[in-house]
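A.B. asks: The structure file start_22.cif (mmCIF, C-alpha atoms) is provided below.
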```cif
data_coords
#
loop_
_atom_site.label_atom_id
_atom_site.label_comp_id
_atom_site.auth_asym_id
_atom_site.auth_seq_id
_atom_site.Cartn_x
_atom_site.Cartn_y
_atom_site.Cartn_z
CA MET U 1 -28.26 9.73 18.23
CA THR U 2 -24.55 9.53 17.38
CA ALA U 3 -24.10 6.24 19.22
CA THR U 4 -27.26 4.77 17.66
CA VAL U 5 -26.19 5.66 14.12
CA ALA U 6 -22.66 4.34 14.71
CA ILE U 7 -24.01 1.02 16.01
CA ILE U 8 -26.42 0.66 13.08
CA LEU U 9 -23.62 1.50 10.64
CA ALA U 10 -21.18 -1.00 12.16
CA LEU U 11 -23.62 -3.85 12.76
CA GLY U 12 -25.21 -3.38 9.33
CA MET U 13 -21.87 -3.70 7.60
CA VAL U 14 -20.74 -6.68 9.67
CA PHE U 15 -24.05 -8.48 9.12
CA MET U 16 -23.95 -8.03 5.34
CA LEU U 17 -20.28 -8.96 5.07
CA VAL U 18 -20.98 -12.18 7.00
CA LEU U 19 -23.75 -12.91 4.49
CA GLY U 20 -21.24 -12.46 1.68
CA VAL U 21 -22.56 -9.14 0.37
CA PRO U 22 -19.87 -7.26 -1.64
CA ILE U 23 -18.17 -4.59 0.44
CA ALA U 24 -19.36 -1.69 -1.74
CA ILE U 25 -23.01 -2.78 -1.51
CA ALA U 26 -22.65 -3.31 2.24
CA ILE U 27 -21.27 0.22 2.66
CA ALA U 28 -24.06 1.75 0.56
CA ILE U 29 -26.97 -0.04 2.26
CA SER U 30 -25.69 0.38 5.83
CA SER U 31 -24.94 4.07 5.19
CA VAL U 32 -28.41 4.77 3.79
CA ILE U 33 -30.11 2.95 6.67
CA ALA U 34 -27.99 4.71 9.31
CA GLY U 35 -28.48 8.07 7.60
CA GLY U 36 -32.20 7.44 7.36
CA VAL U 37 -32.39 6.90 11.11
CA ALA U 38 -30.55 10.16 11.71
CA LEU U 39 -32.33 12.19 9.05
CA ASP U 40 -35.16 10.83 6.91
CA PHE U 41 -35.19 7.81 4.63
CA ASN U 42 -36.62 9.58 1.58
CA MET U 43 -34.23 12.48 2.02
CA MET U 44 -31.35 10.06 2.65
CA LEU U 45 -31.96 8.27 -0.65
CA THR U 46 -31.70 11.57 -2.50
CA THR U 47 -28.68 12.66 -0.48
CA GLY U 48 -27.02 9.27 -1.02
CA ALA U 49 -27.39 9.53 -4.79
CA GLN U 50 -26.00 13.06 -4.74
CA ARG U 51 -23.06 12.13 -2.53
CA THR U 52 -22.21 9.14 -4.74
CA PHE U 53 -22.14 11.32 -7.84
CA THR U 54 -20.17 14.05 -6.07
CA GLY U 55 -17.69 11.52 -4.68
CA VAL U 56 -16.67 10.28 -8.11
CA SER U 57 -16.84 13.68 -9.84
CA VAL U 58 -13.29 14.55 -8.90
CA PHE U 59 -10.68 15.18 -11.58
CA THR U 60 -7.88 13.61 -9.54
CA LEU U 61 -9.75 10.29 -9.64
CA ILE U 62 -8.79 9.91 -13.29
CA ALA U 63 -5.28 9.10 -12.07
CA ILE U 64 -6.44 5.82 -10.54
CA PRO U 65 -7.58 3.99 -13.71
CA PHE U 66 -4.49 5.16 -15.59
CA PHE U 67 -2.09 4.04 -12.86
CA ILE U 68 -3.93 0.69 -12.75
CA LEU U 69 -3.57 0.37 -16.52
CA ALA U 70 0.12 1.33 -16.42
CA GLY U 71 0.75 -1.22 -13.67
CA ASN U 72 -1.00 -4.01 -15.58
CA ILE U 73 0.94 -3.19 -18.73
CA MET U 74 4.18 -3.28 -16.75
CA ASN U 75 3.22 -6.60 -15.17
CA GLN U 76 2.98 -8.14 -18.63
CA GLY U 77 5.82 -6.14 -20.15
CA GLY U 78 8.80 -8.31 -19.23
CA ILE U 79 10.37 -5.99 -16.65
CA ALA U 80 10.31 -8.37 -13.67
CA ILE U 81 13.31 -10.43 -14.78
CA ARG U 82 15.29 -7.27 -15.58
CA LEU U 83 14.61 -5.78 -12.16
CA MET U 84 15.49 -9.10 -10.52
CA ASN U 85 18.86 -9.17 -12.28
CA PHE U 86 19.53 -5.56 -11.27
CA ALA U 87 18.62 -6.27 -7.65
CA ARG U 88 20.91 -9.30 -7.66
CA VAL U 89 23.82 -7.13 -8.77
CA LEU U 90 23.12 -4.60 -6.01
CA VAL U 91 22.68 -6.93 -3.01
CA GLY U 92 23.71 -10.37 -4.24
CA LYS U 93 26.93 -10.45 -2.24
CA LEU U 94 25.11 -10.26 1.10
CA PRO U 95 24.53 -13.49 3.07
CA GLY U 96 21.34 -15.05 1.76
CA SER U 97 21.73 -13.38 -1.62
CA TYR U 98 18.46 -14.68 -3.09
CA ALA U 99 16.45 -13.35 -0.15
CA HIS U 100 17.93 -9.87 -0.53
CA THR U 101 17.44 -9.99 -4.27
CA ASN U 102 13.78 -10.89 -3.71
CA ALA U 103 13.31 -8.07 -1.21
CA MET U 104 15.00 -5.42 -3.35
CA ALA U 105 13.18 -6.56 -6.48
CA ASN U 106 9.84 -6.45 -4.64
CA MET U 107 10.49 -2.86 -3.63
CA MET U 108 11.30 -1.82 -7.19
CA PHE U 109 8.68 -3.88 -9.02
CA GLY U 110 5.96 -3.10 -6.48
CA ALA U 111 6.64 0.61 -6.85
CA ILE U 112 6.46 0.41 -10.63
CA SER U 113 3.39 -1.83 -10.82
CA GLY U 114 1.63 -0.35 -7.78
CA SER U 115 0.59 -3.83 -6.67
CA GLY U 116 2.02 -5.89 -3.83
CA VAL U 117 0.18 -8.97 -5.10
CA ALA U 118 1.78 -8.60 -8.54
CA ALA U 119 5.21 -8.18 -6.95
CA ALA U 120 4.80 -11.27 -4.76
CA SER U 121 3.56 -13.31 -7.70
CA ALA U 122 6.24 -12.19 -10.16
CA MET U 123 9.26 -12.39 -7.86
CA GLY U 124 8.11 -15.54 -6.09
CA THR U 125 7.70 -17.26 -9.44
CA ILE U 126 11.07 -16.10 -10.82
CA ILE U 127 13.42 -16.13 -7.82
CA GLY U 128 11.90 -18.83 -5.61
CA PRO U 129 12.57 -21.89 -7.81
CA ILE U 130 16.13 -20.73 -8.57
CA ALA U 131 16.88 -20.27 -4.87
CA VAL U 132 15.39 -23.63 -3.88
CA LYS U 133 17.42 -25.36 -6.59
CA ASP U 134 20.52 -23.68 -5.10
CA GLY U 135 19.81 -25.14 -1.64
CA TYR U 136 17.63 -22.49 -0.04
CA SER U 137 14.57 -23.44 2.00
CA LYS U 138 11.35 -22.73 0.12
CA ASP U 139 9.77 -21.58 3.38
CA PHE U 140 12.57 -19.05 3.90
CA MET U 141 12.14 -17.69 0.37
CA ALA U 142 8.34 -17.60 0.50
CA THR U 143 8.50 -15.73 3.82
CA ILE U 144 10.86 -12.97 2.65
CA ASN U 145 8.78 -12.63 -0.52
CA VAL U 146 5.56 -12.17 1.47
CA ALA U 147 7.16 -9.88 4.05
CA THR U 148 8.54 -7.38 1.52
CA ALA U 149 5.89 -7.37 -1.21
CA PRO U 150 3.69 -4.64 0.43
CA THR U 151 6.50 -2.06 0.22
CA GLY U 152 5.36 -1.19 -3.31
CA LEU U 153 2.11 0.22 -1.90
CA LEU U 154 4.11 2.75 0.13
CA ILE U 155 6.78 3.56 -2.44
CA PRO U 156 4.98 5.62 -5.12
CA PRO U 157 3.09 5.77 -7.32
CA SER U 158 0.39 4.26 -5.10
CA ASN U 159 -3.36 4.15 -5.75
CA VAL U 160 -4.00 3.77 -2.01
CA LEU U 161 -2.34 7.13 -1.35
CA ILE U 162 -4.37 8.75 -4.14
CA THR U 163 -7.55 7.38 -2.55
CA TYR U 164 -6.48 8.74 0.83
CA ALA U 165 -5.77 12.14 -0.71
CA LEU U 166 -9.35 12.31 -1.97
CA VAL U 167 -11.10 11.11 1.17
CA SER U 168 -8.95 13.26 3.48
CA GLY U 169 -10.18 16.44 1.86
CA GLY U 170 -7.51 17.24 -0.69
CA THR U 171 -4.17 16.28 0.86
CA SER U 172 -1.40 16.79 -1.70
CA VAL U 173 -0.88 13.63 -3.74
CA ALA U 174 2.71 14.65 -4.48
CA ALA U 175 3.45 15.17 -0.76
CA LEU U 176 1.96 11.75 0.04
CA PHE U 177 4.00 10.13 -2.72
CA LEU U 178 7.20 11.68 -1.36
CA GLY U 179 6.23 10.82 2.20
CA GLY U 180 5.91 7.12 1.36
CA TYR U 181 9.50 6.66 0.23
CA LEU U 182 11.30 6.52 3.57
CA PRO U 183 8.76 4.31 5.44
CA GLY U 184 8.63 1.92 2.46
CA ILE U 185 12.42 1.70 2.29
CA LEU U 186 12.67 1.27 6.08
CA TRP U 187 10.16 -1.61 5.89
CA GLY U 188 12.21 -3.34 3.21
CA ALA U 189 15.57 -2.67 4.90
CA ALA U 190 14.29 -3.98 8.25
CA CYS U 191 13.18 -7.23 6.60
CA MET U 192 16.54 -7.55 4.85
CA LEU U 193 18.27 -7.21 8.23
CA VAL U 194 16.22 -10.10 9.60
CA ALA U 195 16.93 -12.13 6.45
CA THR U 196 20.67 -11.56 6.94
CA ILE U 197 20.56 -12.92 10.49
CA ILE U 198 18.55 -15.99 9.45
CA ALA U 199 20.78 -16.55 6.40
CA LYS U 200 23.94 -16.54 8.54
CA ARG U 201 22.33 -18.97 10.98
CA ASN U 202 21.41 -21.35 8.14
CA GLY U 203 24.67 -20.98 6.26
CA TYR U 204 23.27 -19.25 3.19
CA LYS U 205 26.17 -17.53 1.46
CA GLY U 206 26.39 -14.57 -0.84
CA ASP U 207 26.18 -14.85 -4.61
CA SER U 208 29.10 -16.81 -6.02
CA GLN U 209 28.72 -15.11 -9.38
CA LYS U 210 31.66 -12.81 -10.03
CA LEU U 211 30.54 -9.20 -10.27
CA THR U 212 32.31 -7.55 -13.17
CA LEU U 213 31.96 -4.05 -14.50
CA GLN U 214 30.55 -5.49 -17.72
CA LEU U 215 27.85 -7.46 -15.84
CA PHE U 216 26.95 -4.44 -13.71
CA ALA U 217 26.70 -2.21 -16.77
CA LYS U 218 24.58 -4.75 -18.67
CA THR U 219 22.04 -5.36 -15.89
CA THR U 220 21.82 -1.65 -15.07
CA PHE U 221 21.27 -0.77 -18.72
CA GLU U 222 18.43 -3.32 -18.94
CA ALA U 223 16.76 -2.13 -15.72
CA VAL U 224 17.11 1.64 -16.16
CA PRO U 225 14.29 2.05 -18.72
CA ALA U 226 11.81 0.47 -16.28
CA LEU U 227 13.12 2.44 -13.29
CA LEU U 228 12.90 5.65 -15.32
CA LEU U 229 9.11 5.35 -15.08
CA ILE U 230 9.33 6.31 -11.40
CA VAL U 231 11.78 9.12 -12.13
CA ILE U 232 9.68 10.55 -14.95
CA VAL U 233 6.31 10.31 -13.20
CA ILE U 234 7.30 11.32 -9.66
CA GLY U 235 9.91 13.79 -10.86
CA GLY U 236 7.43 15.40 -13.24
CA ILE U 237 4.86 15.78 -10.47
CA ILE U 238 7.39 17.26 -8.05
CA VAL U 239 8.79 19.87 -10.43
CA GLY U 240 5.28 20.78 -11.59
CA ALA U 241 5.67 19.56 -15.16
CA PHE U 242 2.32 17.80 -14.82
CA THR U 243 -0.29 16.89 -12.23
CA ALA U 244 -0.72 13.44 -10.66
CA THR U 245 -3.50 12.73 -13.18
CA GLU U 246 -1.35 13.76 -16.13
CA GLY U 247 1.51 11.77 -14.64
CA ALA U 248 -0.66 8.65 -14.68
CA ILE U 249 -1.31 9.14 -18.40
CA VAL U 250 2.41 9.62 -18.99
CA ALA U 251 2.98 6.35 -17.10
CA VAL U 252 0.57 4.50 -19.42
CA VAL U 253 2.21 5.83 -22.59
CA TYR U 254 5.72 5.15 -21.29
CA SER U 255 4.93 1.63 -20.07
CA LEU U 256 3.21 0.78 -23.34
CA ILE U 257 6.18 1.96 -25.41
CA LEU U 258 8.60 0.09 -23.14
CA SER U 259 6.58 -3.15 -23.32
CA VAL U 260 6.40 -2.93 -27.11
CA CYS U 261 10.18 -2.43 -27.22
CA TYR U 262 10.61 -5.52 -25.01
CA LYS U 263 8.29 -7.40 -27.43
CA ASN U 264 6.22 -8.88 -24.60
CA ILE U 265 2.87 -7.31 -25.49
CA THR U 266 0.50 -8.66 -28.13
CA ILE U 267 -2.89 -7.39 -29.27
CA LYS U 268 -4.56 -10.29 -27.45
CA SER U 269 -2.72 -9.64 -24.19
CA LEU U 270 -3.37 -5.91 -24.49
CA LEU U 271 -7.12 -6.49 -24.78
CA LYS U 272 -7.00 -8.63 -21.62
CA ILE U 273 -5.02 -5.90 -19.86
CA TYR U 274 -7.67 -3.32 -20.80
CA LYS U 275 -10.44 -5.64 -19.60
CA ASP U 276 -8.74 -6.38 -16.26
CA SER U 277 -7.95 -2.69 -15.72
CA SER U 278 -11.54 -1.70 -16.46
CA GLU U 279 -12.91 -4.23 -13.98
CA MET U 280 -10.52 -3.12 -11.24
CA THR U 281 -11.25 0.55 -11.95
CA GLY U 282 -15.00 -0.04 -11.77
CA ILE U 283 -14.67 -1.71 -8.38
CA ILE U 284 -12.51 1.06 -6.91
CA ILE U 285 -14.54 3.96 -8.33
CA PHE U 286 -17.81 2.44 -7.12
CA LEU U 287 -16.23 1.95 -3.68
CA ILE U 288 -15.18 5.59 -3.58
CA GLY U 289 -18.65 6.73 -4.65
CA VAL U 290 -20.60 4.79 -2.03
CA SER U 291 -17.99 5.57 0.62
CA SER U 292 -18.85 9.23 0.10
CA ILE U 293 -22.30 8.42 1.51
CA MET U 294 -20.72 6.88 4.59
CA SER U 295 -18.33 9.83 4.99
CA TRP U 296 -21.27 12.23 4.87
CA VAL U 297 -23.24 10.24 7.46
CA ILE U 298 -20.18 9.98 9.72
CA SER U 299 -19.65 13.73 9.49
CA PHE U 300 -23.36 14.59 9.85
CA VAL U 301 -23.79 12.76 13.14
CA GLN U 302 -20.31 13.83 14.35
CA ILE U 303 -18.91 10.34 14.87
CA PRO U 304 -15.26 11.57 14.73
CA ASP U 305 -15.96 13.94 17.61
CA ALA U 306 -17.56 11.12 19.61
CA VAL U 307 -14.67 8.73 18.92
CA GLY U 308 -12.19 11.47 19.79
CA ALA U 309 -13.98 12.14 23.07
CA LEU U 310 -14.00 8.40 23.82
CA LEU U 311 -10.27 8.07 23.22
CA HIS U 312 -9.48 11.17 25.23
CA GLY U 313 -11.69 9.73 27.96
CA ILE U 314 -9.46 6.66 28.04
CA SER U 315 -6.28 8.72 28.12
CA ASP U 316 -5.07 12.24 27.46
CA ASN U 317 -1.65 10.90 26.55
CA LYS U 318 -1.14 11.30 22.80
CA ILE U 319 1.21 8.33 22.67
CA VAL U 320 -1.51 6.10 24.11
CA ILE U 321 -4.18 7.49 21.76
CA LEU U 322 -2.03 6.91 18.68
CA LEU U 323 -1.17 3.42 19.93
CA ILE U 324 -4.89 2.60 20.24
CA ILE U 325 -5.51 3.89 16.72
CA ASN U 326 -2.65 1.76 15.39
CA VAL U 327 -3.88 -1.37 17.15
CA PHE U 328 -7.39 -0.82 15.80
CA LEU U 329 -6.13 -0.26 12.24
CA LEU U 330 -3.93 -3.35 12.45
CA PHE U 331 -6.97 -5.39 13.48
CA ILE U 332 -9.19 -3.91 10.75
CA GLY U 333 -6.49 -4.49 8.13
CA THR U 334 -6.67 -8.22 8.70
CA PHE U 335 -10.32 -8.24 7.55
CA LEU U 336 -10.65 -5.35 5.08
CA ASP U 337 -8.67 -4.57 1.95
CA THR U 338 -6.69 -1.33 1.93
CA THR U 339 -8.98 0.80 -0.27
CA PRO U 340 -12.29 0.28 1.58
CA ALA U 341 -10.51 0.56 4.94
CA VAL U 342 -8.95 3.90 3.96
CA LEU U 343 -12.32 5.14 2.71
CA ILE U 344 -14.16 4.11 5.86
CA PHE U 345 -11.74 5.02 8.65
CA THR U 346 -9.91 8.09 7.38
CA PRO U 347 -12.87 10.43 8.14
CA ILE U 348 -13.07 8.96 11.65
CA PHE U 349 -9.42 8.96 12.70
CA LEU U 350 -7.88 11.83 10.72
CA PRO U 351 -9.35 14.58 12.98
CA ILE U 352 -8.12 12.68 16.05
CA ALA U 353 -4.64 12.23 14.53
CA ILE U 354 -4.47 15.95 13.74
CA SER U 355 -5.45 16.75 17.34
CA CYS U 356 -2.50 14.56 18.40
CA GLY U 357 -0.11 16.68 16.34
CA LEU U 358 0.11 14.68 13.10
CA SER U 359 -0.33 16.29 9.70
CA PRO U 360 -2.66 14.78 7.06
CA VAL U 361 0.42 13.63 5.13
CA GLU U 362 1.91 11.86 8.12
CA PHE U 363 -1.35 10.16 9.07
CA GLY U 364 -1.89 9.11 5.44
CA ILE U 365 1.39 7.20 5.47
CA ILE U 366 0.67 5.71 8.90
CA ILE U 367 -2.80 4.41 7.99
CA THR U 368 -1.49 3.00 4.70
CA TYR U 369 1.42 1.30 6.49
CA ASN U 370 -0.97 -0.24 9.03
CA LEU U 371 -3.29 -1.60 6.36
CA CYS U 372 -0.37 -2.96 4.31
CA ILE U 373 0.48 -5.20 7.28
CA GLY U 374 -3.03 -6.62 6.98
CA LEU U 375 -2.17 -7.78 3.45
CA ILE U 376 0.32 -10.28 4.89
CA THR U 377 -1.83 -11.33 7.86
CA PRO U 378 -4.64 -13.93 7.99
CA PRO U 379 -7.52 -14.32 7.48
CA VAL U 380 -7.76 -12.03 4.41
CA GLY U 381 -4.10 -11.38 3.60
CA ASN U 382 -4.07 -11.36 -0.21
CA ILE U 383 -0.29 -11.07 -0.50
CA LEU U 384 0.17 -13.84 2.07
CA PHE U 385 -1.97 -16.30 0.12
CA VAL U 386 -0.36 -15.42 -3.23
CA GLY U 387 3.14 -15.71 -1.74
CA VAL U 388 2.33 -19.10 -0.22
CA LYS U 389 0.89 -20.35 -3.49
CA VAL U 390 3.81 -19.32 -5.72
CA GLY U 391 6.27 -20.44 -3.01
CA LYS U 392 4.67 -23.90 -2.98
CA THR U 393 4.48 -24.04 0.81
CA THR U 394 1.78 -23.70 3.49
CA ILE U 395 0.26 -20.87 5.52
CA GLU U 396 1.35 -22.54 8.76
CA ARG U 397 5.01 -22.71 7.74
CA VAL U 398 5.16 -19.14 6.50
CA MET U 399 3.37 -17.78 9.59
CA LYS U 400 5.90 -19.56 11.81
CA ASN U 401 8.81 -18.06 9.88
CA ILE U 402 7.37 -14.57 9.45
CA LEU U 403 7.19 -13.69 13.17
CA PRO U 404 10.62 -11.97 13.34
CA TYR U 405 9.71 -9.98 10.21
CA TYR U 406 6.48 -8.87 11.90
CA ALA U 407 8.56 -7.68 14.85
CA VAL U 408 10.76 -5.32 12.79
CA ILE U 409 7.81 -4.16 10.65
CA PHE U 410 5.97 -3.18 13.85
CA LEU U 411 9.08 -1.37 15.11
CA VAL U 412 9.14 0.71 11.93
CA LEU U 413 5.42 1.42 12.41
CA LEU U 414 6.10 2.73 15.91
CA ALA U 415 8.99 4.80 14.56
CA ILE U 416 6.91 6.57 11.90
CA THR U 417 4.08 7.08 14.38
CA TYR U 418 6.12 8.69 17.14
CA LEU U 419 8.79 10.20 14.88
CA PRO U 420 6.46 11.60 12.22
CA PHE U 421 9.23 13.54 10.50
CA LEU U 422 10.14 10.19 8.90
CA CYS U 423 6.98 10.67 6.81
CA SER U 424 7.21 14.43 6.28
CA TRP U 425 10.93 15.04 5.94
CA ILE U 426 11.24 14.32 2.21
CA PRO U 427 8.09 16.32 1.30
CA GLN U 428 9.45 19.24 3.34
CA ILE U 429 12.85 19.31 1.65
CA CYS U 430 11.05 19.19 -1.71
CA GLY U 431 9.05 22.28 -0.77
CA TYR U 432 5.71 20.77 0.26
CA ASP U 433 3.94 21.93 3.40
CA ALA U 434 3.93 18.67 5.33
CA SER U 435 5.12 20.33 8.56
CA MET U 436 1.74 20.59 10.28
CA GLY U 437 2.59 17.68 12.53
CA ALA U 438 4.48 17.73 15.81
CA THR U 439 8.25 17.54 15.88
CA ALA U 440 9.95 14.42 17.18
CA LYS U 441 10.88 16.23 20.40
CA GLU U 442 7.28 17.32 20.96
CA MET U 443 5.90 13.83 20.29
CA LEU U 444 8.36 12.09 22.60
CA GLY U 445 7.89 14.75 25.25
CA TYR U 446 4.33 13.65 26.06
#
```
Would you encode the structure as structure tokens?
C.D. replies:
Amino acid sequence: MTATVAIILALGMVFMLVLGVPIAIAIAISSVIAGGVALDFNMMLTTGAQRTFTGVSVFTLIAIPFFILAGNIMNQGGIAIRLMNFARVLVGKLPGSYAHTNAMANMMFGAISGSGVAAASAMGTIIGPIAVKDGYSKDFMATINVATAPTGLLIPPSNVLITYALVSGGTSVAALFLGGYLPGILWGAACMLVATIIAKRNGYKGDSQKLTLQLFAKTTFEAVPALLLIVIVIGGIIVGAFTATEGAIVAVVYSLILSVCYKNITIKSLLKIYKDSSEMTGIIIFLIGVSSIMSWVISFVQIPDAVGALLHGISDNKIVILLIINVFLLFIGTFLDTTPAVLIFTPIFLPIAISCGLSPVEFGIIITYNLCIGLITPPVGNILFVGVKVGKTTIERVMKNILPYYAVIFLVLLAITYLPFLCSWIPQICGYDASMGATAKEMLGY
């Protein structure tokens, strides 16, 4: 029965997606059909409605629309240019200064806005033309922009991590937020290392602008108010001043005040922001609701146990099992967006990851990291297409140039998979119980 239901579930979704059915509808219909085969169709319709309602009746979910709203306000609030100037001061003296500025700015702006697409669009539009005018290759700039834009989905606050916290059965949002810092920074730093090598090869020099104390103070002063959003929200959650949901509301109020002070928000633009945020929220919440049906069906017919048995049948080596999971998630990430992929595959792979010695926090960062790579990979890489468009180049050119970046990004993925303390170390030193996973010595000892 388990195999039959799994096949119906998978084939039903693939068939509807090929027909162009929206992902949420495809999940709902395939889940009800598969559940009906396992249980009873009339009973499954009732159960599906109940699971949908239960799935969205979670207080923590309120954080998602507010973080979306805060991110959209920040996108329109005039902070991108300020963060770009600050990044230029920090890393502008390195070879290939514009590339490093783009990477650093993507990490900061992506973290604040919570959107890799927004980061790629904003920084590609601002930095790209300046760099090209200064003699840089537009392909080089578009590639570094694409390669580093997803870091904002790992560096908190991140809606993907909130979604994972819900579907994983209540993993601490704060621990996930803290766990995302080091992998996100490692991703960005690895790409900057590659950019340095390429810049030296192509003769791209550091910034010729003289760095004075006055310039440093000015750019820092302009950027600090925006960066304080991360300090206030994440810091408040860590010290227990407010919950993740309350932190999202604080983020909205703060970003609105900051945007008004920058004089970049009008009533007309604010109404559009509210409309866009509502549409995005509706899509995500509906996805979470119908994914609860799929999670129930997956659990009811014990698909995780079957998949676990299959993987253990292939190998008892935990390194091999985790490698297979990573390869599968990398493949899935090229076709599915991060939110539906997290909702669908977390219930399947989380029990297996735990059996391999990972904690829920560690696996949450690993699955998010995997799916972020899909955002810069064809055929459905949203960040890739946005980066190519704003960079005024082609997919073929960027894909040719991005290969060395893929290499270091994959190396970081292997590092956080087999050295899971890279994901749990910061949560642990901040007092969160993220130590359920195996130690580095235990993981490498298999």
A.B. asks: Please compute the CA of Leu229 (chain U)-CA of Phe363 (chain U) distance, one decimal, in Å.
C.D. replies: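 About the pair CA of Leu229 (chain U) and CA of Phe363 (chain U): they are 26.8 Å apart.
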A.B. asks: Pull out every residue that the PyMOL selection byres ((chain U and resi 193) around 12) matches in the shown coordinates and put them as number ranges by chain.
C.D. replies: U: 94-96, 99-100, 103, 144, 148, 186-192, 194-200, 404-405, 407-409
A.B. asks: How many Å separate CA of Thr245 (chain U) from CA of Asn370 (chain U)?
C.D. replies: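 Between these atoms lies a distance of 25.8 Å.
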A.B. asks: Just say which residues the PyMOL selection byres ((chain U and resi 84) around 12) picks in this file, as a VMD selection string.
C.D. replies: chain U and resid 78 to 83 85 to 92 97 to 110 119 122 to 128 130 219 to 220 222 to 223 226
A.B. asks: Choose the residue, out of U:Ile234, U:Ala341, U:Ala248, U:Met141, that has the smallest atom-to-atom separation from Val398 (chain U); count all atoms listed in the file.
C.D. replies: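 Checking each of U:Ile234, U:Ala341, U:Ala248, U:Met141 against Val398 (chain U), counting all atoms listed in the file, the winner is U:Met141.
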A.B. asks: Let me make sure I understand: among U:Ile284, U:Val290, U:Leu311, U:Leu414, which one has the smallest atom-to-atom distance to Thr52 (chain U) if we use all atoms listed in the file?
C.D. replies: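 Going through U:Ile284, U:Val290, U:Leu311, U:Leu414 one by one, the smallest distance to Thr52 (chain U) is for U:Val290.
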A.B. asks: Taking only C-alpha atoms into account, which of U:Gly169, U:Pro156, U:Gly179, U:Pro378 comes nearest Gly55 (chain U)?
C.D. replies: U:Gly169
A.B. asks: Please determine, counting only C-alpha atoms, which residue among U:Leu350, U:Phe410, U:Leu375, U:Thr4 has the shortest atom-to-atom distance to Leu153 (chain U).
C.D. replies: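 Checking each candidate against Leu153 (chain U), we get U:Leu375 as the closest.
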A.B. asks: Kindly indicate which residue among U:Ala175, U:Leu422, U:Leu411, U:Leu287 lies nearest to Ala28 (chain U), using all atoms listed in the file for the distances.
C.D. replies: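 Of the candidates, the smallest distance to Ala28 (chain U) is held by U:Leu287.
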A.B. asks: Considering all atoms listed in the file, return as a list in words whatever protein or nucleic-acid residues lie within 10 Å of region 265-271 of chain U, sequence-local ones (same chain, fewer than 3 positions apart) excluded.
C.D. replies: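 Once the adjacent positions are removed, what remains is Asn72, Ile73, Met74, Gln76, Gly77, Gly78, Leu256, Ile257, Leu258, Ser259, Val260, Cys261, Tyr262, Tyr274, Lys275, Asp276 and Ser277 of chain U.
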A.B. asks: Which is closest to Ile62 (chain U) among U:Pro157, U:Gly135, U:Ile249, U:Leu19, if we use all atoms listed in the file?
C.D. replies: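 Of U:Pro157, U:Gly135, U:Ile249, U:Leu19, the one nearest Ile62 (chain U), counting all atoms listed in the file, is U:Ile249.
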A.B. asks: Find the distance between CA of Lys389 (chain U) and CA of Asp139 (chain U) and write it in Å to one decimal.
C.D. replies: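 So the answer is 11.3 Å.
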A.B. asks: Let me know the residues the PyMOL selection byres ((chain U and resi 426) around 10) catches in the file above, as a list of chain:residue names.
C.D. replies: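 So the PyMOL selection byres ((chain U and resi 426) around 10) ends up selecting U:Ala175, U:Leu176, U:Phe177, U:Leu178, U:Gly179, U:Gly180, U:Tyr181, U:Leu182, U:Phe421, U:Leu422, U:Cys423, U:Ser424, U:Trp425, U:Pro427, U:Gln428, U:Ile429, U:Cys430, U:Gly431, U:Tyr432, U:Ala434.
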A.B. asks: Mind giving me the axis-aligned box for region 379-387 of chain U with 5 Å on every side, centre plus edges in Å to one decimal, as JSON?
C.D. replies:
```
{"center_x": -2.3, "center_y": -13.7, "center_z": 2.1, "size_x": 20.9, "size_y": 15.2, "size_z": 20.7}
```
A.B. asks: Name the residues in contact with Thr54 (chain U) at a cut-off of 12 Å, using only C-alpha atoms, excluding same-chain residues fewer than 2 positions from it; report them as a PyMOL selection string.
C.D. replies: chain U and resi 47-52+56-59+61+166-167+285-286+288-293+295-296
A.B. asks: Can you list, as a ChimeraX atom specification, every protein, DNA or RNA residue that comes within 7 Å of region 317-320 of chain U when you count all atoms listed in the file, leaving out same-chain residues fewer than 2 positions away?
C.D. replies: /U:315,322-324,356,446
